[in-house]
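Data block for final29.txt (compact mmCIF, C-alpha atoms and all ligand atoms):
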# COMPACT_ATOMS: atom_id res chain seq x y z
CA MET A 1 9.36 -15.57 -141.32
CA ASN A 2 6.44 -15.91 -138.91
CA ASN A 3 3.00 -16.81 -140.13
CA ILE A 4 0.70 -13.91 -140.86
CA LEU A 5 -2.80 -14.13 -139.42
CA LEU A 6 -4.87 -12.09 -141.83
CA TYR A 7 -8.41 -11.00 -140.96
CA ILE A 8 -10.70 -10.18 -143.86
CA GLY A 9 -13.94 -8.28 -143.32
CA ILE A 10 -16.55 -7.79 -146.02
CA ASP A 11 -19.76 -5.78 -146.05
CA ASP A 12 -21.43 -5.63 -149.40
CA THR A 13 -24.24 -3.37 -148.04
CA ASP A 14 -26.48 -5.14 -150.53
CA SER A 15 -29.97 -3.84 -151.03
CA SER A 16 -32.98 -6.11 -151.20
CA SER A 17 -32.52 -6.63 -154.92
CA GLY A 18 -29.99 -9.35 -155.10
CA MET A 19 -26.72 -10.63 -153.79
CA CYS A 20 -25.96 -10.90 -150.20
CA THR A 21 -22.75 -10.52 -148.31
CA THR A 22 -22.83 -14.06 -146.99
CA TYR A 23 -23.07 -15.45 -150.52
CA ILE A 24 -20.15 -13.38 -151.78
CA THR A 25 -18.16 -14.53 -148.77
CA CYS A 26 -18.94 -18.20 -149.43
CA VAL A 27 -17.86 -17.85 -153.07
CA ILE A 28 -14.63 -16.13 -152.02
CA ILE A 29 -13.87 -18.78 -149.41
CA SER A 30 -14.31 -21.57 -151.91
CA LYS A 31 -12.11 -19.79 -154.48
CA LEU A 32 -9.44 -19.35 -151.82
CA LYS A 33 -9.68 -23.06 -151.00
CA ASP A 34 -9.27 -23.87 -154.69
CA CYS A 35 -6.03 -21.90 -154.58
CA GLY A 36 -4.83 -23.92 -151.61
CA PHE A 37 -5.66 -21.42 -148.86
CA ASN A 38 -7.59 -22.66 -145.86
CA ILE A 39 -9.56 -20.40 -143.62
CA LYS A 40 -9.19 -20.80 -139.87
CA GLY A 41 -12.36 -21.73 -138.02
CA TYR A 42 -15.79 -20.63 -139.16
CA PRO A 43 -16.49 -17.43 -141.04
CA LEU A 44 -18.35 -14.85 -138.94
CA LEU A 45 -21.71 -13.30 -139.73
CA ILE A 46 -22.18 -10.20 -137.59
CA ARG A 47 -25.45 -8.28 -137.46
CA LEU A 48 -25.25 -4.56 -136.74
CA ASN A 49 -27.63 -1.99 -135.25
CA PRO A 50 -31.11 -2.77 -136.57
CA PHE A 51 -31.87 0.97 -136.47
CA ALA A 52 -28.89 2.21 -138.50
CA ARG A 53 -30.26 4.57 -141.13
CA PHE A 54 -28.36 3.22 -144.12
CA LYS A 55 -28.65 -0.36 -143.02
CA THR A 56 -28.66 -3.23 -145.46
CA ARG A 57 -31.53 -5.67 -145.51
CA GLY A 58 -30.37 -7.79 -142.62
CA ASN A 59 -27.65 -5.34 -141.72
CA GLY A 60 -25.05 -8.10 -141.66
CA ALA A 61 -21.36 -8.18 -142.43
CA THR A 62 -18.93 -11.09 -142.58
CA SER A 63 -15.33 -11.85 -141.77
CA PHE A 64 -12.92 -14.77 -141.76
CA LYS A 65 -9.26 -15.35 -141.05
CA LEU A 66 -6.40 -17.07 -142.82
CA GLU A 67 -2.91 -18.08 -141.78
CA LEU A 68 -0.47 -17.10 -144.53
CA ASN A 69 3.26 -17.70 -144.99
CA SER A 70 4.42 -14.71 -146.97
CA LEU A 71 3.54 -11.25 -148.17
CA ILE A 72 3.22 -12.71 -151.66
CA GLU A 73 0.42 -14.92 -150.35
CA VAL A 74 -1.19 -11.92 -148.65
CA ASP A 75 -1.23 -10.05 -151.96
CA LYS A 76 -2.65 -13.05 -153.79
CA VAL A 77 -5.47 -13.41 -151.23
CA LYS A 78 -6.29 -9.70 -151.35
CA LYS A 79 -6.49 -9.85 -155.14
CA ILE A 80 -8.93 -12.81 -155.09
CA VAL A 81 -11.12 -11.14 -152.46
CA LEU A 82 -11.34 -7.78 -154.23
CA GLU A 83 -11.93 -9.24 -157.68
CA ASN A 84 -14.88 -11.21 -156.40
CA VAL A 85 -16.44 -8.40 -154.38
CA GLN A 86 -16.14 -6.22 -157.49
CA GLU A 87 -17.67 -8.90 -159.69
CA LEU A 88 -20.46 -10.15 -157.42
CA SER A 89 -21.69 -6.89 -155.87
CA MET A 90 -24.63 -5.09 -157.41
CA LEU A 91 -22.54 -1.95 -157.80
CA GLU A 92 -25.07 -0.31 -160.12
CA ASP A 93 -27.51 -0.19 -157.18
CA ASP A 94 -27.35 3.16 -155.34
CA LYS A 95 -27.44 1.55 -151.93
CA THR A 96 -24.64 -0.91 -152.63
CA ASN A 97 -21.46 0.62 -151.22
CA PRO A 98 -19.21 -2.30 -150.33
CA GLY A 99 -16.22 -2.12 -148.06
CA VAL A 100 -13.44 -4.63 -147.51
CA VAL A 101 -10.99 -4.59 -144.61
CA PHE A 102 -7.70 -6.52 -144.35
CA TYR A 103 -6.13 -6.52 -140.93
CA HIS A 104 -3.39 -8.36 -139.15
CA GLY A 105 -2.69 -7.55 -135.57
CA ASP A 106 -4.34 -7.85 -132.18
CA ILE A 107 -8.03 -7.30 -131.71
CA THR A 108 -7.63 -4.59 -129.06
CA SER A 109 -10.32 -3.42 -126.68
CA GLU A 110 -10.62 -0.26 -128.77
CA LEU A 111 -11.41 -2.38 -131.83
CA GLN A 112 -13.94 -4.41 -129.83
CA GLU A 113 -15.52 -1.20 -128.62
CA PHE A 114 -15.96 -0.12 -132.23
CA ALA A 115 -17.94 -3.30 -132.93
CA PHE A 116 -20.21 -2.59 -129.94
CA GLU A 117 -20.79 0.92 -131.28
CA ALA A 118 -21.70 -0.41 -134.72
CA ILE A 119 -24.13 -2.85 -133.10
CA ARG A 120 -25.64 -0.51 -130.48
CA ASP A 121 -25.21 2.95 -131.94
CA ILE A 122 -24.75 4.80 -135.22
CA VAL A 123 -21.23 4.94 -136.64
CA SER A 124 -20.02 7.16 -139.49
CA ILE A 125 -17.80 6.11 -142.40
CA GLU A 126 -15.29 8.68 -141.17
CA GLN A 127 -15.14 7.14 -137.68
CA ALA A 128 -14.42 3.74 -139.20
CA GLU A 129 -11.79 5.20 -141.49
CA ASN A 130 -10.02 7.01 -138.65
CA LEU A 131 -9.77 3.83 -136.64
CA LEU A 132 -8.65 1.78 -139.66
CA ASN A 133 -5.85 4.26 -140.31
CA LYS A 134 -4.90 4.34 -136.64
CA VAL A 135 -4.46 0.55 -136.43
CA GLY A 136 -2.80 0.36 -139.82
CA ALA A 137 -5.43 -1.77 -141.52
CA ASP A 138 -5.70 -1.96 -145.29
CA TYR A 139 -9.19 -1.16 -146.54
CA ILE A 140 -10.93 -0.67 -149.84
CA LYS A 141 -14.05 1.40 -150.39
CA PHE A 142 -16.28 0.73 -153.34
CA LYS A 143 -18.25 3.87 -154.18
CA ASN A 144 -18.89 5.69 -150.86
CA GLY A 145 -17.55 2.63 -149.05
CA ARG A 146 -20.09 2.55 -146.25
CA GLY A 147 -19.36 -1.17 -146.01
CA ILE A 148 -16.06 -0.57 -144.22
CA ILE A 149 -18.07 0.02 -141.02
CA GLY A 150 -19.56 -3.48 -141.08
CA ALA A 151 -16.40 -5.04 -142.48
CA LEU A 152 -14.38 -3.78 -139.51
CA ALA A 153 -17.07 -4.63 -136.95
CA ALA A 154 -17.30 -8.16 -138.37
CA ILE A 155 -13.59 -8.65 -137.65
CA THR A 156 -13.60 -7.17 -134.15
CA CYS A 157 -16.96 -8.20 -132.62
CA PRO A 158 -16.44 -10.13 -129.36
CA LEU A 159 -18.60 -13.25 -129.13
CA ASP A 160 -19.15 -14.12 -125.48
CA ASP A 161 -22.45 -15.63 -126.53
CA LYS A 162 -22.82 -17.00 -130.03
CA THR A 163 -24.96 -19.07 -132.36
CA TYR A 164 -24.38 -20.64 -135.77
CA GLU A 165 -26.30 -20.39 -139.01
CA LEU A 166 -26.17 -22.82 -141.89
CA LEU A 167 -27.02 -21.14 -145.18
CA SER A 168 -27.81 -23.04 -148.37
CA TYR A 169 -27.75 -21.16 -151.66
CA ARG A 170 -29.69 -21.65 -154.88
CA ILE A 171 -28.25 -21.92 -158.35
CA PRO A 172 -28.55 -18.51 -160.08
CA GLU A 173 -31.16 -19.79 -162.59
CA ASN A 174 -33.58 -20.19 -159.69
CA TYR A 175 -33.18 -16.74 -158.13
CA GLY A 176 -36.60 -15.13 -157.78
CA ALA A 177 -38.54 -18.37 -158.39
CA PRO A 178 -40.58 -19.90 -155.53
CA ARG A 179 -38.38 -21.96 -153.25
CA ARG A 180 -38.97 -25.70 -153.42
CA ILE A 181 -38.53 -26.79 -149.83
CA ASN A 182 -40.42 -29.81 -148.55
CA HIS A 183 -42.36 -28.33 -145.63
CA GLU A 184 -43.03 -31.68 -143.97
CA SER A 185 -39.29 -32.29 -143.73
CA VAL A 186 -38.79 -28.92 -142.03
CA PHE A 187 -41.36 -29.81 -139.34
CA GLU A 188 -39.62 -33.18 -138.98
CA MET A 189 -36.23 -31.46 -138.66
CA ASP A 190 -37.65 -29.10 -136.03
CA LYS A 191 -39.10 -32.01 -134.06
CA ILE A 192 -35.75 -33.81 -134.02
CA THR A 193 -33.32 -30.92 -133.51
CA TYR A 194 -35.23 -28.24 -131.52
CA PRO A 195 -34.18 -26.54 -129.23
CA GLU A 196 -30.58 -27.05 -130.40
CA THR A 197 -31.89 -25.46 -133.60
CA PHE A 198 -34.59 -22.83 -133.28
CA ASP A 199 -36.79 -20.44 -135.27
CA ASN A 200 -37.41 -23.18 -137.83
CA VAL A 201 -41.19 -23.04 -137.87
CA ASP A 202 -43.75 -20.59 -136.58
CA GLN A 203 -47.35 -21.68 -136.13
CA GLY A 204 -47.53 -23.87 -139.19
CA TYR A 205 -45.35 -21.58 -141.27
CA ILE A 206 -41.78 -22.28 -142.41
CA ALA A 207 -39.39 -19.75 -140.89
CA ILE A 208 -36.11 -20.99 -142.42
CA GLU A 209 -37.14 -19.70 -145.84
CA PRO A 210 -36.44 -16.06 -146.72
CA HIS A 211 -39.09 -14.00 -148.49
CA THR A 212 -36.80 -11.97 -150.71
CA PRO A 213 -35.39 -12.87 -154.14
CA CYS A 214 -31.91 -13.36 -152.64
CA PRO A 215 -29.64 -16.37 -153.35
CA VAL A 216 -30.42 -17.97 -149.99
CA LEU A 217 -32.58 -21.09 -150.23
CA TYR A 218 -32.84 -21.47 -146.46
CA GLY A 219 -31.01 -20.63 -143.27
CA ILE A 220 -31.07 -22.87 -140.21
CA ARG A 221 -30.05 -21.39 -136.87
CA GLY A 222 -28.67 -23.37 -134.00
CA GLU A 223 -26.28 -23.82 -131.11
CA ASN A 224 -23.48 -25.71 -132.90
CA PRO A 225 -22.34 -26.75 -136.39
CA GLU A 226 -22.98 -30.46 -135.74
CA ILE A 227 -26.69 -30.01 -135.09
CA LEU A 228 -26.95 -27.76 -138.17
CA ASN A 229 -25.42 -30.41 -140.39
CA LYS A 230 -27.82 -32.95 -138.94
CA ALA A 231 -30.72 -30.55 -139.59
CA LYS A 232 -29.54 -30.06 -143.18
CA SER A 233 -29.57 -33.82 -143.75
CA ILE A 234 -33.23 -33.96 -142.69
CA VAL A 235 -34.52 -31.01 -144.75
CA LYS A 236 -35.51 -32.10 -148.23
CA VAL A 237 -35.57 -29.74 -151.20
CA SER A 238 -36.49 -30.35 -154.82
CA GLU A 239 -34.10 -27.88 -156.40
CA PRO A 240 -30.30 -27.91 -156.62
CA ILE A 241 -28.23 -26.44 -153.79
CA GLU A 242 -25.27 -24.59 -155.24
CA ARG A 243 -23.36 -24.47 -151.97
CA SER A 244 -23.85 -24.40 -148.20
CA CYS A 245 -21.85 -22.67 -145.53
CA VAL A 246 -21.93 -22.52 -141.73
CA PHE A 247 -21.34 -19.10 -140.14
CA LEU A 248 -20.53 -18.33 -136.52
CA THR A 249 -22.76 -15.39 -135.60
CA ASN A 250 -23.82 -12.87 -132.99
CA GLN A 251 -27.44 -13.58 -133.93
CA HIS A 252 -29.89 -14.38 -131.14
CA THR A 253 -27.58 -13.20 -128.37
CA ASP A 254 -29.21 -9.85 -127.41
CA ILE A 255 -25.82 -8.19 -128.00
CA HIS A 256 -27.68 -5.14 -129.38
CA LEU A 257 -29.37 -4.47 -126.04
CA GLN A 258 -27.98 -2.27 -123.27
CA MET A 259 -29.18 -2.33 -119.69
CA VAL A 260 -30.53 1.07 -118.71
CA GLU A 261 -31.39 2.15 -115.17
CA ARG A 262 -33.59 5.13 -116.01
CA ILE A 263 -36.20 5.45 -118.72
CA ALA A 264 -35.20 9.13 -119.09
CA ASP A 265 -31.73 8.04 -120.28
CA MET A 266 -33.05 6.07 -123.26
CA GLU A 267 -32.37 7.40 -126.76
CA LYS A 268 -33.91 6.87 -130.16
CA PHE A 269 -32.37 4.23 -132.45
CA LYS A 270 -30.83 2.30 -129.58
CA CYS A 271 -31.93 -0.96 -128.03
CA TYR A 272 -32.41 -1.59 -124.33
CA ILE A 273 -33.41 -3.80 -121.45
CA VAL A 274 -35.48 -1.59 -119.15
CA GLU A 275 -37.58 -2.20 -116.06
CA GLY A 276 -40.67 -0.19 -115.23
CA LYS A 277 -44.26 -0.07 -114.11
CA VAL A 278 -47.16 -0.16 -116.55
CA LYS A 279 -48.97 3.18 -116.50
CA ASP A 280 -52.04 2.52 -118.59
CA LYS A 281 -54.07 -0.27 -120.12
CA PRO A 282 -52.75 -1.37 -123.55
CA HIS A 283 -54.87 0.00 -126.39
CA VAL A 284 -55.05 -0.75 -130.10
CA ILE A 285 -54.24 1.94 -132.63
CA GLU A 286 -54.80 2.08 -136.37
CA GLY A 287 -53.00 -0.74 -138.14
CA GLY A 288 -53.58 -3.17 -135.29
CA HIS A 289 -50.61 -2.09 -133.20
CA LEU A 290 -50.93 -2.43 -129.43
CA ILE A 291 -49.61 0.44 -127.32
CA PHE A 292 -49.04 1.09 -123.61
CA THR A 293 -46.85 3.34 -121.48
CA LEU A 294 -44.09 2.15 -119.17
CA LYS A 295 -42.89 4.45 -116.39
CA ASP A 296 -40.31 4.75 -113.66
CA GLY A 297 -39.18 7.51 -111.33
CA SER A 298 -37.34 9.30 -114.15
CA GLY A 299 -39.91 9.33 -116.91
CA GLU A 300 -42.01 7.23 -119.25
CA ILE A 301 -41.82 5.60 -122.66
CA GLU A 302 -44.44 4.43 -125.08
CA CYS A 303 -44.11 0.70 -125.82
CA ALA A 304 -45.55 -1.07 -128.85
CA ALA A 305 -46.29 -4.60 -129.94
CA TYR A 306 -46.65 -3.99 -133.65
CA GLU A 307 -49.14 -5.78 -135.88
CA PRO A 308 -46.60 -8.20 -137.43
CA THR A 309 -46.00 -9.69 -133.99
CA LYS A 310 -49.46 -11.25 -134.35
CA LYS A 311 -50.35 -13.50 -131.40
CA PHE A 312 -47.71 -11.90 -129.20
CA ARG A 313 -50.24 -9.07 -128.88
CA ASP A 314 -52.62 -11.44 -127.09
CA PHE A 315 -50.15 -11.50 -124.19
CA VAL A 316 -49.49 -7.78 -124.27
CA ARG A 317 -53.24 -7.18 -124.18
CA GLU A 318 -53.36 -8.90 -120.75
CA ILE A 319 -50.96 -6.41 -119.18
CA LYS A 320 -52.55 -4.09 -116.64
CA PRO A 321 -51.58 -0.86 -114.89
CA ASP A 322 -49.06 -1.37 -112.06
CA ASP A 323 -47.67 -4.61 -113.48
CA ILE A 324 -43.87 -4.58 -113.22
CA LEU A 325 -42.17 -5.46 -116.50
CA LYS A 326 -38.68 -5.86 -117.85
CA VAL A 327 -38.96 -4.88 -121.51
CA TYR A 328 -36.42 -5.81 -124.23
CA GLY A 329 -36.46 -3.80 -127.46
CA GLY A 330 -35.31 -0.87 -129.54
CA ILE A 331 -36.58 2.67 -129.90
CA GLY A 332 -37.68 3.48 -133.42
CA GLU A 333 -39.29 6.58 -134.87
CA GLY A 334 -42.57 5.41 -133.46
CA ILE A 335 -45.88 7.15 -133.61
CA ASP A 336 -45.53 10.89 -134.40
CA ASN A 337 -41.73 10.54 -134.30
CA LYS A 338 -41.71 10.65 -130.53
CA GLY A 339 -39.78 7.43 -130.21
CA THR A 340 -41.57 4.22 -129.39
CA LEU A 341 -40.01 1.15 -127.84
CA ASN A 342 -40.57 -1.78 -130.16
CA ILE A 343 -41.03 -4.75 -127.83
CA GLU A 344 -39.03 -7.82 -128.80
CA LYS A 345 -39.87 -9.62 -125.59
CA PHE A 346 -40.77 -8.86 -122.01
CA GLU A 347 -40.54 -10.47 -118.62
CA LEU A 348 -43.56 -9.96 -116.43
CA LEU A 349 -41.79 -9.61 -113.08
CA LYS A 350 -44.72 -8.87 -110.82
CA LEU A 351 -48.40 -9.04 -111.53
CA ALA A 352 -50.35 -6.17 -110.00
CA LYS A 353 -53.29 -7.19 -107.80
CA HIS A 354 -56.45 -6.39 -109.59
CA VAL A 355 -59.35 -5.95 -107.26
CA LYS A 356 -62.97 -5.05 -107.60
CA PHE A 357 -65.02 -3.54 -104.75
CA VAL A 358 -68.38 -5.20 -104.21
CA ASN A 359 -71.20 -5.14 -101.65
CA PRO A 360 -70.70 -7.29 -98.53
CA ILE A 361 -72.22 -10.75 -98.10
CA CYS A 362 -75.07 -11.15 -95.60
CA LYS A 363 -75.06 -13.65 -92.67
CA CYS A 364 -77.45 -15.74 -94.72
CA GLY A 365 -74.95 -16.01 -97.55
CA LYS A 366 -76.58 -13.70 -100.08
CA ARG A 367 -74.87 -10.62 -101.46
CA MET A 368 -76.46 -7.49 -99.98
CA LYS A 369 -77.82 -4.50 -101.87
CA SER A 370 -77.28 -0.84 -101.21
CA ALA A 371 -79.93 0.60 -98.96
CA GLY A 372 -79.39 4.06 -100.45
CA THR A 373 -76.57 6.55 -100.23
CA GLY A 374 -75.09 6.52 -96.72
CA LYS A 375 -77.75 4.07 -95.48
CA GLY A 376 -75.67 0.91 -95.59
CA TYR A 377 -76.76 -2.41 -97.06
CA LYS A 378 -79.91 -4.49 -97.06
CA CYS A 379 -80.27 -8.20 -97.76
CA PRO A 380 -82.78 -9.00 -100.48
CA ASN A 381 -83.21 -12.50 -99.02
CA CYS A 382 -83.66 -12.17 -95.25
CA GLY A 383 -84.13 -8.43 -94.91
CA GLU A 384 -81.07 -7.93 -92.66
CA ILE A 385 -79.82 -4.34 -92.64
CA VAL A 386 -76.20 -3.34 -91.94
CA ARG A 387 -76.09 0.44 -91.45
CA ASN A 388 -72.30 0.84 -91.29
CA GLY A 389 -71.41 -1.88 -93.80
CA LYS A 390 -68.52 -1.34 -96.20
CA LYS A 391 -67.77 -2.58 -99.69
CA VAL A 392 -65.31 -5.47 -99.72
CA SER A 393 -62.52 -6.10 -102.24
CA ILE A 394 -62.22 -9.28 -104.24
CA ASN A 395 -59.15 -10.28 -106.28
CA LEU A 396 -59.82 -10.64 -109.96
CA SER A 397 -58.06 -13.48 -111.68
CA ARG A 398 -55.49 -12.59 -114.39
CA ASN A 399 -55.15 -14.30 -117.73
CA ILE A 400 -51.36 -14.02 -117.75
CA LYS A 401 -48.66 -15.38 -115.46
CA GLU A 402 -45.33 -13.95 -114.39
CA GLY A 403 -42.58 -14.97 -116.84
CA PHE A 404 -41.17 -14.33 -120.32
CA TYR A 405 -43.17 -13.56 -123.46
CA GLU A 406 -41.67 -12.99 -126.93
CA ALA A 407 -42.54 -12.00 -130.47
CA PRO A 408 -42.86 -15.01 -132.80
CA ALA A 409 -39.96 -16.19 -134.99
CA SER A 410 -41.55 -14.57 -138.05
CA ALA A 411 -41.32 -11.12 -136.41
CA ARG A 412 -38.07 -11.61 -134.50
CA ARG A 413 -34.96 -9.57 -135.08
CA HIS A 414 -31.80 -11.44 -136.07
CA LEU A 415 -30.15 -10.29 -132.85
CA SER A 416 -33.00 -11.08 -130.44
CA LYS A 417 -32.33 -13.94 -128.08
CA PRO A 418 -35.23 -16.39 -128.13
CA ILE A 419 -36.59 -17.38 -124.72
CA VAL A 420 -35.53 -20.96 -125.37
CA ARG A 421 -31.91 -19.71 -125.31
CA ILE A 422 -32.38 -17.79 -122.04
CA LYS A 423 -33.17 -20.78 -119.86
ZN ZN B 501 -79.54 -12.20 -95.60

Once more with this new file: its structure as structure tokens, please.
Amino acid sequence: MNNILLYIGIDDTDSSSGMCTTYITCVIISKLKDCGFNIKGYPLLIRLNPFARFKTRGNGATSFKLELNSLIEVDKVKKIVLENVQELSMLEDDKTNPGVVFYHGDITSELQEFAFEAIRDIVSIEQAENLLNKVGADYIKFKNGRGIIGALAAITCPLDDKTYELLSYRIPENYGAPRRINHESVFEMDKITYPETFDNVDQGYIAIEPHTPCPVLYGIRGENPEILNKAKSIVKVSEPIERSCVFLTNQHTDIHLQMVERIADMEKFKCYIVEGKVKDKPHVIEGGHLIFTLKDGSGEIECAAYEPTKKFRDFVREIKPDDILKVYGGIGEGIDNKGTLNIEKFELLKLAKHVKFVNPICKCGKRMKSAGTGKGYKCPNCGEIVRNGKKVSINLSRNIKEGFYEAPASARRHLSKPIVRIK
């Protein structure tokens, strides 16, 4: 018989408390290898809509594919996968509702479209289930089975642009304890491998280290597996690494963003690239968030650089009315639930001229003074009077240039494309 190409998608929907889908996937892959099965290519780590209501911590799901020779092998693989998801998931946690999808067949445009919906919109369990039944996929829901949404999207997501992430995991005894990563070696690694790796460090702070009690010791993001393995060899840690795995991902590709022509067409909980004109001067609100309004012919939207974006706000503060911007970001609840665009990055397309009107200069070189309302100007130096003089405009210098500005690595979404990847 012909070989069977079996796709396996897993979304553990883990909460912040413990396991993560990538870890479960790594364990499953190594158990499959122990049984003589080899996965084809790299496993995928696919991040979904950052605004999905029931999202998991990083809102990520995984998939991988195997070439199998018989239906007996297919059954054996399914058994190993399900046993391990059952065993390793924190099923007692309310929010953990894993889903596993087994599929063999073509990844049709309808299936790809589903992945885009899961990344850019909100998808229901029912929608996923209908499609799974339609294409004849085998799927297993644990508890409410919300994970089938991510599990299917992880199989069908097209990757026109892609990055890789190398994840190293701790031994279980160390979960929750401070991570023992040599910070100097991370700076060294960044110096040697950036920009082929990125988001390693952020203003003296180590960005490869998670801040949750999850099994991940560190994650290094980069353009290809080779540079990640090189980076791993440079980073020194003083605790055991249980295992490491490289995932092919949709992270840092801006796949969550849709181009939108009119501000009026933007909807809450979706992410966009939108061009507009700045309406007002950015102002700080309680909590240190910086807010301004962007407008076009169709309407306007409030834009925010939130407090965690730290120094990014220094750039946003320099924006002035009439500047033309292209803003990248998603619309969250925002202030008073009216929907606020959370700026991930922006391109300052055209700086508005900022002028100040001042009194004219006299023939003698001194700036003149007003001689009284409607009476023109008088020179305080030589006494010259200009009855019909007019104020003159001078251009004020701006403290910002046209170009791209982005939130720092520490505040960046998994899906946001760093500027270093745009050029
Ligand atoms: Zn004068």

Exercise: Tyr169 in chain A partners within 10 Å, only C-alpha atoms, chain neighbours under 3 positions left out, as number ranges by chain: A: 22-23, 26, 172, 174-175, 214-219, 240-245

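Shortest separation to Ala115 in chain A among A:Leu68, A:Leu48, A:Ile80, A:Ala264 occurs at residue A:Leu48, atoms counted being all atoms listed in the file.
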
Skipping near chain neighbours, those fewer than 6 positions away, what residues fall within 10 Å of Gly288 in chain A using only C-alpha atoms, listed as a compact mmCIF listing (two decimals) with C-alpha atoms, in the frame of the given file?
# COMPACT_ATOMS: atom_id res chain seq x y z
CA ALA A 305 -46.29 -4.60 -129.94
CA TYR A 306 -46.65 -3.99 -133.65
CA GLU A 307 -49.14 -5.78 -135.88
CA PRO A 308 -46.60 -8.20 -137.43
CA LYS A 310 -49.46 -11.25 -134.35
CA ARG A 313 -50.24 -9.07 -128.88

Long-range neighbours of Ile206 in chain A as a list of chain:residue names, 8 Å cut-off, all atoms listed in the file, 5 positions minimum in chain: A:His183, A:Val186, A:Asn200, A:Val201

Distance query range 386-399 of chain A at most 10 Å, only C-alpha atoms, self and fewer than 3 positions along chain excluded, as a list in words: Phe315, Arg317, Glu318, Ile319, Lys320, Leu351, Ala352, Lys353, His354, Val355, Lys356, Phe357, Val358, Asn359, Pro360, Ile361, Cys362, Met368, Ser370, Ala371, Gly374, Lys375, Gly376, Tyr377, Lys378, Cys379 and Gly383 of chain A

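Each of A:Asn38, A:Thr25, A:Ser410, A:Asn381 was compared to Glu344 in chain A using only C-alpha atoms, and A:Ser410 turns out to be the nearest.
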
Top pick for closest residue to ligand ZN 501 (chain B), considering A:Cys364, A:Ile400, A:Ala154, A:Ile385 and counting all atoms listed in the file: A:Cys364

For CA of Ile234 in chain A and CA of Leu166 in chain A, the interatomic separation in Å (one decimal): 13.2 Å

Selected residue of minimal separation from Arg412 in chain A among A:Ala231, A:Ala207, A:Ile285, A:Met259, counting all atoms listed in the file: A:Ala207

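Candidate residues A:Ser416, A:Ser238, A:Thr249, A:Ser89 were compared for distance to Asn182 in chain A, and the nearest is A:Ser238, using all atoms listed in the file.
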
12 Å contact set for range 160-162 of chain A, all atoms listed in the file, chain neighbours under 3 positions out, as JSON, numbers by chain: {"A": [44, 45, 46, 47, 112, 157, 165, 221, 222, 223, 224, 225, 247, 248, 249, 250, 251, 252, 253, 254, 255, 415, 416, 417, 421, 422]}

Taking all atoms of range 27-39 of chain A that appear in the file, build a box with edges along x, y and z, extend it by 6 Å on every side, and state its centre and edge lengths in Å to one decimal, as JSON.
{"center_x": -11.3, "center_y": -20.0, "center_z": -149.2, "size_x": 25.0, "size_y": 19.8, "size_z": 23.1}

Sel. within 12 Å of pt (-29.5, -2.2, -137.0), counting all atoms listed in the file, output as a ChimeraX atom specification: /A:46-61,116-123,150,251,255-257,269-271,329-332,413-416

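For the pair CA of Lys78 in chain A and CA of Ile149 in chain A, the separation is 18.4 Å.
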